[in-house]
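What follows is a short report on a single structure.
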Amino acid sequence: MSDTPRTSPARIFGQPKMAVLLFLGFSSGLPFYLTSKTLQAWMTTAKVDLATIGFFSLVTLPYSLKFVWAPVMDRYIPPFLGRRRGWVLITQILLLLAIAAMSLHDPRQGLRMLAVNAIAIAFFSASQDISLDAYRTDVLENREMGAGAAVFVLGYRIAMITTGALAFFLADRMPWQTVYAILSLFILIGVITTFVAPEPVLNDAPPKSLAQAVVLPFADFFQRTGVGRALLVLLFIVVYKYSDSLAGSMTTPFLLQAGFSQSEVGAVFLGAGVIATIVGVLAGGAVIGKVGINRSLWIFVIVQGLSNLTYYALSLAEKSHALMVTAVVIENFGLGLVTAAMTAFLMSMCNKRFTATQFALLSSLMAASRDILVAPAGKIAESVGWPSFFIVTVAMAIPPLLLLPFIAPWGLEVPIGAAPHTGETVPAKVA
């Protein structure tokens, strides 16, 4: 397709709704560290034993189970702000209260109530993510989905840096209870944005019962794509980012064994790596706007696979700081590209009537390759050595390439079985 104003990156990224998604992405990312890294730091300074701190990682379980209650957000419409923004606002208010309530705890005296509070934050945060994923999907047309995912991820990353760096900075100067009270106020950024955000036009009525909200998303998905192709789509979602996930799970052990210090590895990952991921996802959004979702899926999976060759080269070379930085930057840039493409693909496959449920289910499936299927990575590296391991990760880009002709043919604009997405919105209304 030729470069027209409709598909130009400047036109797509310059829309007001992209600014809205940036701030909503910030709201989505803000709570994440508050139940993990910052909470662990607080408990450590309070002299809580390491075994207990380790068990506290279970408080984040709601993020993995959010598809269980996602149908509630498709079925019921709050009495204010519409089906999508209404749920966003409800979860944001609950998050503000739950984060502020952390200021009432002392890890040395009441670990059980601290855990309950942390679980509440994770639950409300996961619920906010459900409603925000649905909102983002419903306000974007197909060519805008990559850009929408990109600016959302950018806001998310900014929030993680804020709750990471700022929390530790403040904790050196005031009690952790005060830090949590201050950080809770940052949720107001998302609350204000929710009030001014445009509401997506949802022409189809929501499910008539909770049972329908559970069953119909599955029926709709399989009817649109056909059972056989639907199973291929689900397999494709699992394997698309597997090449990068497999390599990424072992990059830290590899670099440390290659002789780089923990400080060097940490600085490069948190500095150049994060920047490269953000640049990659923004570039991915621009390319999707130009050439569409299908062609982007092809291009980016090839780039992702080839990017792991930089680690292969590093495994064969003498210790080189410049080559290490290059490998981290290229691999994380590729991660940004495939993140933009896969998020756009997942959004395109969601029916606006069931967006909350379908996106939660499909994204949970995508997480399987990141969290479960990478488990054998260490054993593979031990068995074949680092050079061969990284060749294996390159080869893992082949399965999604073989599936793409059946999922997202090069010559088509959108994936087969994709739902209609016009990106139509109406101006914000308070009620």
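Chains: A, B, ... in order of the structure tokens. Residues: from 1 per chain. Ligands: from 1, in order shown.
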Any chance you could list, as a PyMOL selection string, the residues in range 108-217 of chain A that come up alpha helix (DSSP H) when DSSP is run on the backbone?
-> chain A and resi 111-138+145-161+167-171+176-184+187-196+210-217
Pull the closest atom pair for each residue of range 141-219 of chain A that gets at most 9 Å from range 121-137 of chain A, along with the distance in Å to one decimal, counting only C-alpha atoms, ordering rows by chain and then ascending residue number, as CSV.
residue,atom,partner,partner_atom,distance
A:Glu141,CA,A:Thr137,CA,8.2
A:Met145,CA,A:Thr137,CA,7.4
A:Gly148,CA,A:Arg136,CA,7.2
A:Ala149,CA,A:Arg136,CA,8.0
A:Phe152,CA,A:Arg136,CA,8.6
A:Glu199,CA,A:Tyr135,CA,8.2
A:Pro200,CA,A:Tyr135,CA,7.2
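In terms of minimum interatomic distance to Val394 in chain A, A:Gln304 ranks closest within A:Gln304, A:Ser184, A:Ser8, A:Ser348, counting only C-alpha atoms.
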Neighbours of Lys319 in chain A within 12 Å (only C-alpha atoms; same-chain residues fewer than 5 positions away dropped), as a list of chain:residue names?
->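 Listed by chain and then number, they are A:Phe254, A:Leu255, A:Leu256, A:Gln257, A:Ala258, A:Gly259, A:Phe260, A:Ser261, A:Tyr311, A:Ala313, A:Leu314, A:Met324, A:Val325.
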Shortest interatomic distance to Leu297 in chain A - which of A:Val268, A:Ile391, A:Ile189, A:Val338, counting only C-alpha atoms =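 Once distances to Leu297 in chain A are computed over only C-alpha atoms, the minimum belongs to A:Val338.
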Choose the residue, out of A:Ala367, A:Leu232, A:Ala341, A:Leu323, that has the smallest atom-to-atom separation from Ile416 in chain A; count only C-alpha atoms.
-> A:Leu232
Pick from A:Lys37, A:Lys290, A:Arg84, A:Arg75: nearest to Ala197 in chain A, with only C-alpha atoms counted?
->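 For Ala197 in chain A, the nearest of the given residues is A:Arg84.
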Shortest interatomic distance to Val265 in chain A - which of A:Val59, A:Leu140, A:Val328, A:Met18, counting only C-alpha atoms =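 Comparing A:Val59, A:Leu140, A:Val328, A:Met18 against Val265 in chain A, the winner is A:Val328.
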So which one's closest to Arg112 in chain A, A:Leu95, A:Gln15, A:Ala419, A:Phe55? Using only C-alpha atoms, please.
-> A:Phe55
Close residues, Ala115 in chain A itself excluded, 9 Å, only C-alpha atoms, min 4 positions apart in chain, as a PyMOL selection string | chain A and resi 56+59+110-111+119-120
Show me, as a CSV table (one decimal) with N, CA and C atoms, in the first residue's frame, the residues that have an atom within 7 Å of Ile187 in chain A when counting only C-alpha atoms, minus same-chain residues fewer than 3 positions from it.
chain,number,residue,atom,x,y,z
A,27,SER,N,-0.6,4.2,33.9
A,27,SER,CA,-1.5,3.7,35.0
A,27,SER,C,-1.4,2.2,35.1
A,92,GLN,N,-9.1,1.6,38.9
A,92,GLN,CA,-8.1,2.6,39.3
A,92,GLN,C,-8.4,3.2,40.8
A,96,LEU,N,-5.9,2.8,43.9
A,96,LEU,CA,-5.4,4.0,44.7
A,96,LEU,C,-5.6,3.7,46.2
A,184,SER,N,0.8,6.0,45.6
A,184,SER,CA,-0.6,5.8,45.4
A,184,SER,C,-1.2,7.0,44.6
A,190,GLY,N,-3.8,8.3,35.8
A,190,GLY,CA,-4.7,7.5,35.1
A,190,GLY,C,-6.2,7.8,35.2
A,191,VAL,N,-6.6,8.2,36.5
A,191,VAL,CA,-8.0,8.6,36.7
A,191,VAL,C,-8.4,9.8,35.9
One decimal, Å: what's the distance from CA of Val201 in chain A over to CA of Val426 in chain A, could you say?
->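 Separation between CA of Val201 in chain A and CA of Val426 in chain A: 6.6 Å.
Going from CA of Trp42 in chain A over to CA of Leu97 in chain A, you cover 19.2 Å.
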Using only C-alpha atoms, which residues sit within 9 Å of Leu306 in chain A once same-chain residues fewer than 6 positions away are excluded, as a count of residues only?
-> 4
Report as a PDB file with N, CA and C atoms, in the first residue's frame all protein, DNA and RNA residues lying within 12 Å of Pro175 in chain A, evaluated on only C-alpha atoms, omitting residues in the same chain fewer than 4 positions from it.
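The result, written out as around32.pdb:
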ATOM      1  N   TRP A  42      11.404  -3.399  50.724  1.00  0.00           N
ATOM      2  CA  TRP A  42      10.844  -2.997  52.013  1.00  0.00           C
ATOM      3  C   TRP A  42      10.992  -4.134  53.029  1.00  0.00           C
ATOM      4  N   THR A  45      14.687  -4.593  54.133  1.00  0.00           N
ATOM      5  CA  THR A  45      15.142  -3.595  55.109  1.00  0.00           C
ATOM      6  C   THR A  45      14.463  -3.777  56.459  1.00  0.00           C
ATOM      7  N   ALA A  46      13.309  -4.459  56.471  1.00  0.00           N
ATOM      8  CA  ALA A  46      12.606  -4.746  57.727  1.00  0.00           C
ATOM      9  C   ALA A  46      13.078  -6.058  58.347  1.00  0.00           C
ATOM     10  N   MET A 102      -1.213   0.289  52.038  1.00  0.00           N
ATOM     11  CA  MET A 102       0.074  -0.309  52.397  1.00  0.00           C
ATOM     12  C   MET A 102       0.811   0.532  53.437  1.00  0.00           C
ATOM     13  N   SER A 103       0.474   1.802  53.521  1.00  0.00           N
ATOM     14  CA  SER A 103       1.130   2.678  54.490  1.00  0.00           C
ATOM     15  C   SER A 103       0.716   2.352  55.923  1.00  0.00           C
ATOM     16  N   LEU A 104      -0.279   1.480  56.097  1.00  0.00           N
ATOM     17  CA  LEU A 104      -0.763   1.127  57.433  1.00  0.00           C
ATOM     18  C   LEU A 104      -0.067  -0.101  57.999  1.00  0.00           C
ATOM     19  N   HIS A 105       0.824  -0.729  57.219  1.00  0.00           N
ATOM     20  CA  HIS A 105       1.422  -2.010  57.626  1.00  0.00           C
ATOM     21  C   HIS A 105       2.862  -1.844  58.108  1.00  0.00           C
ATOM     22  N   ASP A 106       3.285  -2.843  58.872  1.00  0.00           N
ATOM     23  CA  ASP A 106       4.688  -2.979  59.295  1.00  0.00           C
ATOM     24  C   ASP A 106       5.073  -4.438  59.094  1.00  0.00           C
ATOM     25  N   ALA A 167      10.930   5.053  43.972  1.00  0.00           N
ATOM     26  CA  ALA A 167      10.625   4.409  45.251  1.00  0.00           C
ATOM     27  C   ALA A 167      11.886   4.210  46.077  1.00  0.00           C
ATOM     28  N   PHE A 168      12.954   3.728  45.437  1.00  0.00           N
ATOM     29  CA  PHE A 168      14.205   3.507  46.168  1.00  0.00           C
ATOM     30  C   PHE A 168      14.824   4.827  46.610  1.00  0.00           C
ATOM     31  N   PHE A 169      14.719   5.839  45.766  1.00  0.00           N
ATOM     32  CA  PHE A 169      15.239   7.163  46.125  1.00  0.00           C
ATOM     33  C   PHE A 169      14.513   7.706  47.357  1.00  0.00           C
ATOM     34  N   LEU A 170      13.188   7.617  47.355  1.00  0.00           N
ATOM     35  CA  LEU A 170      12.407   8.129  48.475  1.00  0.00           C
ATOM     36  C   LEU A 170      12.627   7.307  49.744  1.00  0.00           C
ATOM     37  N   ALA A 171      12.809   5.983  49.573  1.00  0.00           N
ATOM     38  CA  ALA A 171      12.946   5.099  50.739  1.00  0.00           C
ATOM     39  C   ALA A 171      14.210   5.384  51.539  1.00  0.00           C
ATOM     40  N   VAL A 179       6.379   6.188  51.452  1.00  0.00           N
ATOM     41  CA  VAL A 179       6.658   5.997  50.023  1.00  0.00           C
ATOM     42  C   VAL A 179       5.433   5.448  49.306  1.00  0.00           C
ATOM     43  N   TYR A 180       4.802   4.421  49.897  1.00  0.00           N
ATOM     44  CA  TYR A 180       3.615   3.834  49.278  1.00  0.00           C
ATOM     45  C   TYR A 180       2.466   4.832  49.224  1.00  0.00           C
ATOM     46  N   ALA A 181       2.323   5.635  50.271  1.00  0.00           N
ATOM     47  CA  ALA A 181       1.265   6.646  50.268  1.00  0.00           C
ATOM     48  C   ALA A 181       1.471   7.645  49.133  1.00  0.00           C
ATOM     49  N   ILE A 182       2.727   8.057  48.907  1.00  0.00           N
ATOM     50  CA  ILE A 182       3.035   9.004  47.829  1.00  0.00           C
ATOM     51  C   ILE A 182       2.788   8.363  46.463  1.00  0.00           C
TER      52      ILE A 182
END
